[in-house]
$ cat target14.txt   # compact mmCIF, N, CA and C atoms
# COMPACT_ATOMS: atom_id res chain seq x y z
N MET H 1 29.32 -71.09 -61.23
CA MET H 1 28.58 -71.34 -60.00
C MET H 1 28.77 -70.15 -59.06
N THR H 2 27.70 -69.68 -58.48
CA THR H 2 27.76 -68.62 -57.49
C THR H 2 28.12 -69.23 -56.15
N SER H 3 29.11 -68.63 -55.48
CA SER H 3 29.47 -69.19 -54.17
C SER H 3 28.57 -68.63 -53.08
N ARG H 4 28.35 -69.45 -52.10
CA ARG H 4 27.58 -69.07 -50.92
C ARG H 4 28.60 -68.68 -49.84
N ARG H 5 28.44 -67.49 -49.33
CA ARG H 5 29.37 -66.96 -48.35
C ARG H 5 28.81 -67.14 -46.95
N VAL H 6 29.55 -67.86 -46.11
CA VAL H 6 29.16 -68.11 -44.73
C VAL H 6 30.11 -67.29 -43.84
N VAL H 7 29.54 -66.42 -43.01
CA VAL H 7 30.34 -65.53 -42.18
C VAL H 7 30.03 -65.77 -40.71
N PHE H 8 31.06 -66.08 -39.93
CA PHE H 8 30.95 -66.28 -38.49
C PHE H 8 31.46 -65.03 -37.78
N ALA H 9 30.65 -64.48 -36.87
CA ALA H 9 31.07 -63.34 -36.05
C ALA H 9 31.63 -63.85 -34.74
N VAL H 10 32.88 -63.46 -34.43
CA VAL H 10 33.51 -63.85 -33.17
C VAL H 10 33.84 -62.61 -32.35
N PHE H 11 34.10 -62.80 -31.08
CA PHE H 11 34.35 -61.71 -30.13
C PHE H 11 35.20 -62.26 -29.00
N PRO H 12 35.89 -61.40 -28.25
CA PRO H 12 36.69 -61.90 -27.13
C PRO H 12 35.82 -62.70 -26.15
N GLY H 13 36.30 -63.89 -25.81
CA GLY H 13 35.56 -64.77 -24.90
C GLY H 13 34.55 -65.67 -25.59
N PHE H 14 34.63 -65.80 -26.93
CA PHE H 14 33.73 -66.71 -27.63
C PHE H 14 34.08 -68.15 -27.28
N GLN H 15 33.14 -69.05 -27.48
CA GLN H 15 33.35 -70.48 -27.22
C GLN H 15 33.94 -71.10 -28.47
N ILE H 16 35.14 -71.62 -28.38
CA ILE H 16 35.84 -72.15 -29.56
C ILE H 16 35.04 -73.23 -30.27
N LEU H 17 34.35 -74.09 -29.53
CA LEU H 17 33.55 -75.16 -30.14
C LEU H 17 32.39 -74.59 -30.96
N ASP H 18 31.84 -73.46 -30.51
CA ASP H 18 30.73 -72.83 -31.25
C ASP H 18 31.17 -72.36 -32.63
N LEU H 19 32.46 -72.10 -32.77
CA LEU H 19 33.00 -71.72 -34.08
C LEU H 19 33.49 -72.93 -34.85
N THR H 20 34.31 -73.76 -34.22
CA THR H 20 34.99 -74.81 -34.98
C THR H 20 34.07 -75.90 -35.51
N GLY H 21 33.05 -76.26 -34.74
CA GLY H 21 32.13 -77.31 -35.21
C GLY H 21 31.40 -76.89 -36.48
N PRO H 22 30.61 -75.80 -36.43
CA PRO H 22 29.90 -75.38 -37.64
C PRO H 22 30.85 -74.95 -38.77
N HIS H 23 31.97 -74.33 -38.41
CA HIS H 23 32.95 -73.91 -39.43
C HIS H 23 33.43 -75.11 -40.23
N GLU H 24 33.73 -76.19 -39.52
CA GLU H 24 34.19 -77.41 -40.17
C GLU H 24 33.12 -77.98 -41.11
N VAL H 25 31.88 -77.97 -40.68
CA VAL H 25 30.78 -78.49 -41.49
C VAL H 25 30.65 -77.70 -42.79
N PHE H 26 30.62 -76.37 -42.68
CA PHE H 26 30.48 -75.54 -43.88
C PHE H 26 31.71 -75.64 -44.78
N THR H 27 32.89 -75.72 -44.19
CA THR H 27 34.12 -75.85 -44.98
C THR H 27 34.13 -77.17 -45.74
N LYS H 28 33.73 -78.24 -45.07
CA LYS H 28 33.69 -79.55 -45.73
C LYS H 28 32.64 -79.56 -46.84
N ALA H 29 31.50 -78.94 -46.59
CA ALA H 29 30.46 -78.84 -47.63
C ALA H 29 31.01 -78.11 -48.84
N GLY H 30 31.81 -77.09 -48.60
CA GLY H 30 32.42 -76.35 -49.70
C GLY H 30 33.39 -77.19 -50.49
N ARG H 31 34.13 -78.07 -49.80
CA ARG H 31 35.06 -78.95 -50.50
C ARG H 31 34.32 -80.02 -51.31
N ILE H 32 33.23 -80.52 -50.77
CA ILE H 32 32.49 -81.60 -51.43
C ILE H 32 31.64 -81.06 -52.57
N ALA H 33 30.80 -80.09 -52.26
CA ALA H 33 29.84 -79.59 -53.24
C ALA H 33 30.36 -78.38 -54.00
N GLY H 34 31.37 -77.73 -53.45
CA GLY H 34 31.89 -76.51 -54.08
C GLY H 34 30.98 -75.33 -53.81
N GLY H 35 31.50 -74.17 -54.07
CA GLY H 35 30.68 -72.98 -54.00
C GLY H 35 30.40 -72.44 -52.61
N VAL H 36 31.16 -72.85 -51.59
CA VAL H 36 30.96 -72.31 -50.24
C VAL H 36 32.27 -71.65 -49.80
N VAL H 37 32.17 -70.39 -49.42
CA VAL H 37 33.31 -69.64 -48.89
C VAL H 37 33.01 -69.34 -47.43
N VAL H 38 33.92 -69.71 -46.53
CA VAL H 38 33.71 -69.54 -45.09
C VAL H 38 34.69 -68.50 -44.56
N GLU H 39 34.16 -67.53 -43.80
CA GLU H 39 34.98 -66.46 -43.25
C GLU H 39 34.64 -66.27 -41.77
N THR H 40 35.59 -65.66 -41.04
CA THR H 40 35.33 -65.22 -39.68
C THR H 40 35.56 -63.72 -39.64
N VAL H 41 34.76 -63.02 -38.86
CA VAL H 41 34.92 -61.58 -38.71
C VAL H 41 34.87 -61.20 -37.24
N ALA H 42 35.48 -60.08 -36.93
CA ALA H 42 35.46 -59.53 -35.57
C ALA H 42 35.40 -58.02 -35.67
N ALA H 43 35.09 -57.39 -34.57
CA ALA H 43 35.00 -55.93 -34.56
C ALA H 43 36.36 -55.28 -34.80
N GLU H 44 37.41 -55.89 -34.28
CA GLU H 44 38.76 -55.34 -34.39
C GLU H 44 39.69 -56.29 -35.13
N ARG H 45 40.73 -55.74 -35.73
CA ARG H 45 41.75 -56.54 -36.42
C ARG H 45 42.63 -57.26 -35.38
N GLY H 46 43.10 -58.44 -35.73
CA GLY H 46 44.04 -59.17 -34.89
C GLY H 46 43.42 -60.38 -34.24
N PRO H 47 44.25 -61.14 -33.53
CA PRO H 47 43.77 -62.37 -32.89
C PRO H 47 42.69 -62.09 -31.85
N VAL H 48 41.74 -63.01 -31.77
CA VAL H 48 40.64 -62.93 -30.80
C VAL H 48 40.73 -64.16 -29.92
N SER H 49 40.81 -63.96 -28.61
CA SER H 49 40.93 -65.08 -27.67
C SER H 49 39.57 -65.67 -27.35
N SER H 50 39.51 -66.98 -27.38
CA SER H 50 38.29 -67.70 -26.96
C SER H 50 38.27 -67.77 -25.44
N SER H 51 37.16 -68.24 -24.89
CA SER H 51 37.04 -68.36 -23.43
C SER H 51 38.05 -69.35 -22.87
N GLY H 52 38.49 -70.32 -23.66
CA GLY H 52 39.48 -71.30 -23.20
C GLY H 52 40.91 -70.88 -23.46
N GLY H 53 41.11 -69.71 -24.08
CA GLY H 53 42.45 -69.21 -24.31
C GLY H 53 43.00 -69.42 -25.71
N LEU H 54 42.38 -70.28 -26.51
CA LEU H 54 42.83 -70.43 -27.89
C LEU H 54 42.45 -69.17 -28.65
N THR H 55 43.31 -68.78 -29.59
CA THR H 55 43.02 -67.59 -30.36
C THR H 55 42.73 -67.93 -31.82
N VAL H 56 41.93 -67.08 -32.42
CA VAL H 56 41.59 -67.18 -33.84
C VAL H 56 41.89 -65.83 -34.46
N THR H 57 42.47 -65.83 -35.63
CA THR H 57 42.67 -64.58 -36.35
C THR H 57 41.61 -64.50 -37.43
N PRO H 58 40.62 -63.63 -37.24
CA PRO H 58 39.52 -63.53 -38.20
C PRO H 58 40.01 -63.14 -39.61
N THR H 59 39.23 -63.53 -40.59
CA THR H 59 39.54 -63.24 -41.98
C THR H 59 39.57 -61.74 -42.21
N ARG H 60 38.64 -61.02 -41.57
CA ARG H 60 38.53 -59.56 -41.75
C ARG H 60 37.77 -58.95 -40.59
N THR H 61 37.73 -57.62 -40.57
CA THR H 61 36.94 -56.93 -39.56
C THR H 61 35.55 -56.68 -40.12
N VAL H 62 34.63 -56.30 -39.24
CA VAL H 62 33.27 -56.02 -39.70
C VAL H 62 33.25 -54.88 -40.71
N ASP H 63 34.18 -53.93 -40.58
CA ASP H 63 34.24 -52.80 -41.53
C ASP H 63 34.71 -53.24 -42.91
N GLU H 64 35.35 -54.38 -43.00
CA GLU H 64 35.90 -54.86 -44.28
C GLU H 64 34.97 -55.82 -45.01
N VAL H 65 33.84 -56.14 -44.43
CA VAL H 65 32.90 -57.07 -45.08
C VAL H 65 32.11 -56.30 -46.13
N THR H 66 32.27 -56.73 -47.36
CA THR H 66 31.53 -56.12 -48.47
C THR H 66 30.86 -57.24 -49.26
N GLY H 67 29.85 -56.88 -49.99
CA GLY H 67 29.16 -57.86 -50.82
C GLY H 67 28.19 -58.71 -50.03
N PRO H 68 27.49 -59.56 -50.75
CA PRO H 68 26.43 -60.35 -50.11
C PRO H 68 26.96 -61.44 -49.17
N VAL H 69 26.19 -61.69 -48.13
CA VAL H 69 26.45 -62.78 -47.18
C VAL H 69 25.27 -63.72 -47.27
N ASP H 70 25.53 -64.97 -47.56
CA ASP H 70 24.46 -65.95 -47.66
C ASP H 70 23.98 -66.37 -46.27
N THR H 71 24.93 -66.77 -45.40
CA THR H 71 24.61 -67.26 -44.07
C THR H 71 25.47 -66.52 -43.05
N LEU H 72 24.81 -65.87 -42.11
CA LEU H 72 25.49 -65.11 -41.06
C LEU H 72 25.29 -65.85 -39.75
N VAL H 73 26.38 -66.14 -39.03
CA VAL H 73 26.30 -66.95 -37.82
C VAL H 73 26.95 -66.21 -36.65
N ALA H 74 26.21 -66.12 -35.55
CA ALA H 74 26.74 -65.59 -34.29
C ALA H 74 27.12 -66.75 -33.41
N VAL H 75 28.38 -66.82 -32.99
CA VAL H 75 28.78 -67.86 -32.05
C VAL H 75 28.49 -67.37 -30.64
N GLY H 76 28.52 -68.27 -29.68
CA GLY H 76 28.27 -67.90 -28.29
C GLY H 76 29.53 -67.96 -27.46
N GLY H 77 29.37 -67.83 -26.17
CA GLY H 77 30.50 -67.93 -25.26
C GLY H 77 30.38 -66.98 -24.09
N GLU H 78 31.34 -67.10 -23.18
CA GLU H 78 31.33 -66.31 -21.96
C GLU H 78 31.36 -64.81 -22.22
N GLY H 79 31.91 -64.39 -23.35
CA GLY H 79 32.02 -62.97 -23.67
C GLY H 79 30.80 -62.39 -24.36
N ILE H 80 29.69 -63.13 -24.40
CA ILE H 80 28.52 -62.67 -25.15
C ILE H 80 27.94 -61.37 -24.60
N GLU H 81 27.98 -61.16 -23.30
CA GLU H 81 27.42 -59.92 -22.75
C GLU H 81 28.20 -58.72 -23.26
N ARG H 82 29.53 -58.82 -23.24
CA ARG H 82 30.36 -57.73 -23.78
C ARG H 82 30.11 -57.54 -25.26
N ALA H 83 29.95 -58.64 -25.99
CA ALA H 83 29.68 -58.54 -27.43
C ALA H 83 28.36 -57.82 -27.67
N CYS H 84 27.36 -58.12 -26.85
CA CYS H 84 26.04 -57.47 -27.01
C CYS H 84 26.08 -55.99 -26.65
N ALA H 85 27.08 -55.59 -25.89
CA ALA H 85 27.23 -54.18 -25.53
C ALA H 85 28.09 -53.41 -26.54
N ASP H 86 28.69 -54.13 -27.47
CA ASP H 86 29.55 -53.51 -28.50
C ASP H 86 28.65 -52.98 -29.61
N ARG H 87 28.35 -51.70 -29.58
CA ARG H 87 27.40 -51.10 -30.52
C ARG H 87 27.83 -51.28 -31.97
N ARG H 88 29.11 -51.22 -32.22
CA ARG H 88 29.61 -51.39 -33.59
C ARG H 88 29.34 -52.80 -34.09
N LEU H 89 29.65 -53.80 -33.28
CA LEU H 89 29.42 -55.20 -33.66
C LEU H 89 27.94 -55.47 -33.83
N VAL H 90 27.12 -55.02 -32.88
CA VAL H 90 25.68 -55.27 -32.93
C VAL H 90 25.06 -54.56 -34.15
N GLY H 91 25.46 -53.32 -34.40
CA GLY H 91 24.94 -52.59 -35.55
C GLY H 91 25.31 -53.25 -36.86
N TRP H 92 26.56 -53.70 -36.96
CA TRP H 92 26.99 -54.41 -38.17
C TRP H 92 26.19 -55.69 -38.34
N PHE H 93 26.01 -56.43 -37.25
CA PHE H 93 25.28 -57.68 -37.33
C PHE H 93 23.84 -57.44 -37.81
N ALA H 94 23.20 -56.42 -37.27
CA ALA H 94 21.82 -56.10 -37.66
C ALA H 94 21.75 -55.74 -39.14
N ARG H 95 22.65 -54.89 -39.60
CA ARG H 95 22.65 -54.48 -41.02
C ARG H 95 22.94 -55.66 -41.95
N THR H 96 23.92 -56.47 -41.58
CA THR H 96 24.30 -57.60 -42.43
C THR H 96 23.20 -58.65 -42.46
N ALA H 97 22.55 -58.88 -41.33
CA ALA H 97 21.47 -59.87 -41.26
C ALA H 97 20.31 -59.49 -42.18
N ARG H 98 20.03 -58.20 -42.31
CA ARG H 98 18.92 -57.77 -43.19
C ARG H 98 19.14 -58.21 -44.63
N GLY H 99 20.40 -58.27 -45.07
CA GLY H 99 20.68 -58.66 -46.44
C GLY H 99 21.05 -60.12 -46.62
N ALA H 100 21.24 -60.83 -45.53
CA ALA H 100 21.64 -62.24 -45.61
C ALA H 100 20.43 -63.13 -45.90
N ARG H 101 20.67 -64.21 -46.60
CA ARG H 101 19.60 -65.17 -46.88
C ARG H 101 19.18 -65.91 -45.61
N ARG H 102 20.18 -66.13 -44.73
CA ARG H 102 19.90 -66.90 -43.51
C ARG H 102 20.77 -66.32 -42.39
N THR H 103 20.18 -66.23 -41.19
CA THR H 103 20.92 -65.79 -40.01
C THR H 103 20.72 -66.86 -38.94
N ALA H 104 21.81 -67.22 -38.28
CA ALA H 104 21.75 -68.28 -37.28
C ALA H 104 22.65 -67.93 -36.10
N SER H 105 22.49 -68.71 -35.04
CA SER H 105 23.39 -68.56 -33.89
C SER H 105 23.69 -69.94 -33.33
N VAL H 106 24.75 -69.99 -32.57
CA VAL H 106 25.12 -71.20 -31.85
C VAL H 106 25.05 -70.86 -30.37
N CYS H 107 24.26 -71.64 -29.63
CA CYS H 107 24.16 -71.52 -28.18
C CYS H 107 23.83 -70.09 -27.76
N SER H 108 24.65 -69.48 -26.91
CA SER H 108 24.33 -68.14 -26.39
C SER H 108 24.53 -67.04 -27.43
N GLY H 109 24.98 -67.38 -28.62
CA GLY H 109 25.03 -66.41 -29.71
C GLY H 109 23.66 -65.84 -30.00
N THR H 110 22.62 -66.54 -29.53
CA THR H 110 21.24 -66.06 -29.65
C THR H 110 21.10 -64.65 -29.09
N PHE H 111 21.85 -64.34 -28.03
CA PHE H 111 21.74 -63.02 -27.42
C PHE H 111 22.25 -61.92 -28.35
N LEU H 112 23.21 -62.23 -29.22
CA LEU H 112 23.65 -61.24 -30.21
C LEU H 112 22.55 -60.97 -31.21
N LEU H 113 21.82 -62.01 -31.62
CA LEU H 113 20.67 -61.80 -32.50
C LEU H 113 19.63 -60.93 -31.82
N GLY H 114 19.40 -61.16 -30.53
CA GLY H 114 18.45 -60.36 -29.79
C GLY H 114 18.89 -58.91 -29.70
N ALA H 115 20.17 -58.69 -29.39
CA ALA H 115 20.69 -57.32 -29.28
C ALA H 115 20.59 -56.59 -30.61
N ALA H 116 20.65 -57.35 -31.71
CA ALA H 116 20.54 -56.76 -33.05
C ALA H 116 19.09 -56.56 -33.48
N GLY H 117 18.13 -56.93 -32.60
CA GLY H 117 16.72 -56.72 -32.91
C GLY H 117 16.13 -57.73 -33.88
N LEU H 118 16.70 -58.92 -33.92
CA LEU H 118 16.29 -59.91 -34.91
C LEU H 118 15.34 -60.98 -34.38
N LEU H 119 14.97 -60.91 -33.10
CA LEU H 119 14.20 -62.01 -32.52
C LEU H 119 12.76 -61.69 -32.19
N ALA H 120 12.31 -60.51 -32.44
CA ALA H 120 10.93 -60.13 -32.10
C ALA H 120 9.94 -61.11 -32.71
N GLY H 121 9.09 -61.70 -31.86
CA GLY H 121 8.07 -62.62 -32.32
C GLY H 121 8.58 -64.00 -32.68
N ARG H 122 9.82 -64.31 -32.35
CA ARG H 122 10.39 -65.62 -32.70
C ARG H 122 10.69 -66.42 -31.44
N ARG H 123 10.61 -67.73 -31.57
CA ARG H 123 11.01 -68.64 -30.48
C ARG H 123 12.44 -69.04 -30.73
N VAL H 124 13.25 -69.01 -29.67
CA VAL H 124 14.66 -69.37 -29.81
C VAL H 124 15.07 -70.24 -28.63
N ALA H 125 16.24 -70.81 -28.74
CA ALA H 125 16.79 -71.62 -27.65
C ALA H 125 18.23 -71.18 -27.41
N THR H 126 18.69 -71.43 -26.19
CA THR H 126 20.08 -71.17 -25.85
C THR H 126 20.49 -72.18 -24.78
N HIS H 127 21.68 -72.03 -24.28
CA HIS H 127 22.18 -72.94 -23.24
C HIS H 127 21.33 -72.79 -21.98
N TRP H 128 21.07 -73.88 -21.29
CA TRP H 128 20.20 -73.84 -20.12
C TRP H 128 20.72 -72.92 -19.03
N ARG H 129 22.05 -72.74 -18.91
CA ARG H 129 22.58 -71.84 -17.89
C ARG H 129 22.28 -70.38 -18.18
N ARG H 130 21.93 -70.08 -19.41
CA ARG H 130 21.65 -68.70 -19.81
C ARG H 130 20.16 -68.38 -19.79
N CYS H 131 19.34 -69.36 -19.52
CA CYS H 131 17.88 -69.16 -19.61
C CYS H 131 17.34 -68.14 -18.61
N GLY H 132 17.97 -67.94 -17.48
CA GLY H 132 17.49 -66.99 -16.49
C GLY H 132 17.56 -65.58 -17.00

$ encode --input "target14.txt" --output "structure tokens"
Amino acid sequence: MTSRRVVFAVFPGFQILDLTGPHEVFTKAGRIAGGVVVETVAAERGPVSSSGGLTVTPTRTVDEVTGPVDTLVAVGGEGIERACADRRLVGWFARTARGARRTASVCSGTFLLGAAGLLAGRRVATHWRRCG
């Protein structure tokens, strides 16, 4: 069986719920159906603090991601503006999305997709506080 690789991109100030909810769903699907590998990545090595102060240690850095990605997910959070200004993260996201079968975002993670040039001609949604 070929495994489906789900990769979540996190950044300083991400919303922990935007990661943990979908991460849990994909992880459980992998346990039930098999064939799902879930990873987290960040621009830099080491723990990444969420907006609420909880930290996550990503599986790898964006430079260490090799091979195909089935589903690429951008999480949202208070740090999304800084994440969108991180040329390395945005460039990696754009390149990886081109080869991924599916690209998604959670809440304000939509802005990372936009910064990566992935939203032209598409309708998207985000948190109502970010609509302005």

$ residues_around --input "target14.txt" --residues "Arg102 of chain H" --least-positions-apart "6" --cutoff "5 Å" --atoms "all atoms listed in the file" --output "PyMOL selection string"
chain H and resi 70-72

$ atom_distance --input "target14.txt" --atom1 "atom CA of Thr40 of chain H" --atom2 "atom CA of Cys131 of chain H"
26.9 Å

$ residues_around --input "target14.txt" --residues "segment 49-63 of chain H" --least-positions-apart "2" --cutoff "5 Å" --atoms "all atoms listed in the file" --output "list in words"
Pro12, Gly13, Phe14, Gln15, Thr40, Val41, Ala42, Ala43, Gly46, Pro47 and Val65 of chain H

$ write_last_selection --input "target14.txt" --atoms "N, CA and C atoms" --output "PDB file, in the frame of the given file"
ATOM      1  N   PRO H  12      35.890 -61.400 -28.250  1.00  0.00           N
ATOM      2  CA  PRO H  12      36.690 -61.900 -27.130  1.00  0.00           C
ATOM      3  C   PRO H  12      35.820 -62.700 -26.150  1.00  0.00           C
ATOM      4  N   GLY H  13      36.300 -63.890 -25.810  1.00  0.00           N
ATOM      5  CA  GLY H  13      35.560 -64.770 -24.900  1.00  0.00           C
ATOM      6  C   GLY H  13      34.550 -65.670 -25.590  1.00  0.00           C
ATOM      7  N   PHE H  14      34.630 -65.800 -26.930  1.00  0.00           N
ATOM      8  CA  PHE H  14      33.730 -66.710 -27.630  1.00  0.00           C
ATOM      9  C   PHE H  14      34.080 -68.150 -27.280  1.00  0.00           C
ATOM     10  N   GLN H  15      33.140 -69.050 -27.480  1.00  0.00           N
ATOM     11  CA  GLN H  15      33.350 -70.480 -27.220  1.00  0.00           C
ATOM     12  C   GLN H  15      33.940 -71.100 -28.470  1.00  0.00           C
ATOM     13  N   THR H  40      35.590 -65.660 -41.040  1.00  0.00           N
ATOM     14  CA  THR H  40      35.330 -65.220 -39.680  1.00  0.00           C
ATOM     15  C   THR H  40      35.560 -63.720 -39.640  1.00  0.00           C
ATOM     16  N   VAL H  41      34.760 -63.020 -38.860  1.00  0.00           N
ATOM     17  CA  VAL H  41      34.920 -61.580 -38.710  1.00  0.00           C
ATOM     18  C   VAL H  41      34.870 -61.200 -37.240  1.00  0.00           C
ATOM     19  N   ALA H  42      35.480 -60.080 -36.930  1.00  0.00           N
ATOM     20  CA  ALA H  42      35.460 -59.530 -35.570  1.00  0.00           C
ATOM     21  C   ALA H  42      35.400 -58.020 -35.670  1.00  0.00           C
ATOM     22  N   ALA H  43      35.090 -57.390 -34.570  1.00  0.00           N
ATOM     23  CA  ALA H  43      35.000 -55.930 -34.560  1.00  0.00           C
ATOM     24  C   ALA H  43      36.360 -55.280 -34.800  1.00  0.00           C
ATOM     25  N   GLY H  46      43.100 -58.440 -35.730  1.00  0.00           N
ATOM     26  CA  GLY H  46      44.040 -59.170 -34.890  1.00  0.00           C
ATOM     27  C   GLY H  46      43.420 -60.380 -34.240  1.00  0.00           C
ATOM     28  N   PRO H  47      44.250 -61.140 -33.530  1.00  0.00           N
ATOM     29  CA  PRO H  47      43.770 -62.370 -32.890  1.00  0.00           C
ATOM     30  C   PRO H  47      42.690 -62.090 -31.850  1.00  0.00           C
ATOM     31  N   VAL H  65      33.840 -56.140 -44.430  1.00  0.00           N
ATOM     32  CA  VAL H  65      32.900 -57.070 -45.080  1.00  0.00           C
ATOM     33  C   VAL H  65      32.110 -56.300 -46.130  1.00  0.00           C
TER      34      VAL H  65
END

$ residues_around --input "target14.txt" --residues "Leu112 of chain H" --least-positions-apart "4" --cutoff "6.5 Å" --atoms "only N, CA and C atoms" --output "compact mmCIF listing (two decimals) with N, CA and C atoms, in the coordinates of the input"
# COMPACT_ATOMS: atom_id res chain seq x y z
N ALA H 83 29.95 -58.64 -25.99
CA ALA H 83 29.68 -58.54 -27.43
C ALA H 83 28.36 -57.82 -27.67
N CYS H 84 27.36 -58.12 -26.85
CA CYS H 84 26.04 -57.47 -27.01
C CYS H 84 26.08 -55.99 -26.65
N SER H 108 24.65 -69.48 -26.91
CA SER H 108 24.33 -68.14 -26.39
C SER H 108 24.53 -67.04 -27.43
N ALA H 116 20.65 -57.35 -31.71
CA ALA H 116 20.54 -56.76 -33.05
C ALA H 116 19.09 -56.56 -33.48
N GLY H 117 18.13 -56.93 -32.60
CA GLY H 117 16.72 -56.72 -32.91
C GLY H 117 16.13 -57.73 -33.88

$ select_by_dssp --input "target14.txt" --residues "segment 56-101 of chain H" --states "strand (DSSP E or B)" --output "PDB file with N, CA and C atoms, keeping the file's coordinate frame"
ATOM      1  N   VAL H  56      41.930 -67.080 -32.420  1.00  0.00           N
ATOM      2  CA  VAL H  56      41.590 -67.180 -33.840  1.00  0.00           C
ATOM      3  C   VAL H  56      41.890 -65.830 -34.460  1.00  0.00           C
ATOM      4  N   ARG H  60      38.640 -61.020 -41.570  1.00  0.00           N
ATOM      5  CA  ARG H  60      38.530 -59.560 -41.750  1.00  0.00           C
ATOM      6  C   ARG H  60      37.770 -58.950 -40.590  1.00  0.00           C
ATOM      7  N   THR H  61      37.730 -57.620 -40.570  1.00  0.00           N
ATOM      8  CA  THR H  61      36.940 -56.930 -39.560  1.00  0.00           C
ATOM      9  C   THR H  61      35.550 -56.680 -40.120  1.00  0.00           C
ATOM     10  N   THR H  71      24.930 -66.770 -45.400  1.00  0.00           N
ATOM     11  CA  THR H  71      24.610 -67.260 -44.070  1.00  0.00           C
ATOM     12  C   THR H  71      25.470 -66.520 -43.050  1.00  0.00           C
ATOM     13  N   LEU H  72      24.810 -65.870 -42.110  1.00  0.00           N
ATOM     14  CA  LEU H  72      25.490 -65.110 -41.060  1.00  0.00           C
ATOM     15  C   LEU H  72      25.290 -65.850 -39.750  1.00  0.00           C
ATOM     16  N   VAL H  73      26.380 -66.140 -39.030  1.00  0.00           N
ATOM     17  CA  VAL H  73      26.300 -66.950 -37.820  1.00  0.00           C
ATOM     18  C   VAL H  73      26.950 -66.210 -36.650  1.00  0.00           C
ATOM     19  N   ALA H  74      26.210 -66.120 -35.550  1.00  0.00           N
ATOM     20  CA  ALA H  74      26.740 -65.590 -34.290  1.00  0.00           C
ATOM     21  C   ALA H  74      27.120 -66.750 -33.410  1.00  0.00           C
TER      22      ALA H  74
END

$ atom_distance --input "target14.txt" --atom1 "atom CA of Gly30 of chain H" --atom2 "atom C of Leu113 of chain H"
26.9 Å

$ closest_residue --input "target14.txt" --among "H:Ala85, H:Leu19, H:Ala74, H:Leu119" --to "Ser105 of chain H" --atoms "all atoms listed in the file"
H:Ala74

$ atom_distance --input "target14.txt" --atom1 "atom N of Val90 of chain H" --atom2 "atom CA of Gly114 of chain H"
10.6 Å

$ closest_residue --input "target14.txt" --among "H:Arg123, H:Ile80, H:Thr103, H:Phe11" --to "Arg45 of chain H" --atoms "only C-alpha atoms"
H:Phe11

$ residues_around --input "target14.txt" --residues "segment 20-27 of chain H" --least-positions-apart "5" --cutoff "8 Å" --atoms "only C-alpha atoms" --output "NGL selection string"
:H and (6 or 8 or 36-38)

$ select_by_dssp --input "target14.txt" --residues "chain H" --states "alpha helix (DSSP H)" --output "NGL selection string"
:H and (16-33 or 80-85 or 87-99 or 110-115)

$ closest_residue --input "target14.txt" --among "H:Glu44, H:Gly76, H:Pro68, H:Ala115" --to "Gly91 of chain H" --atoms "all atoms listed in the file"
H:Ala115
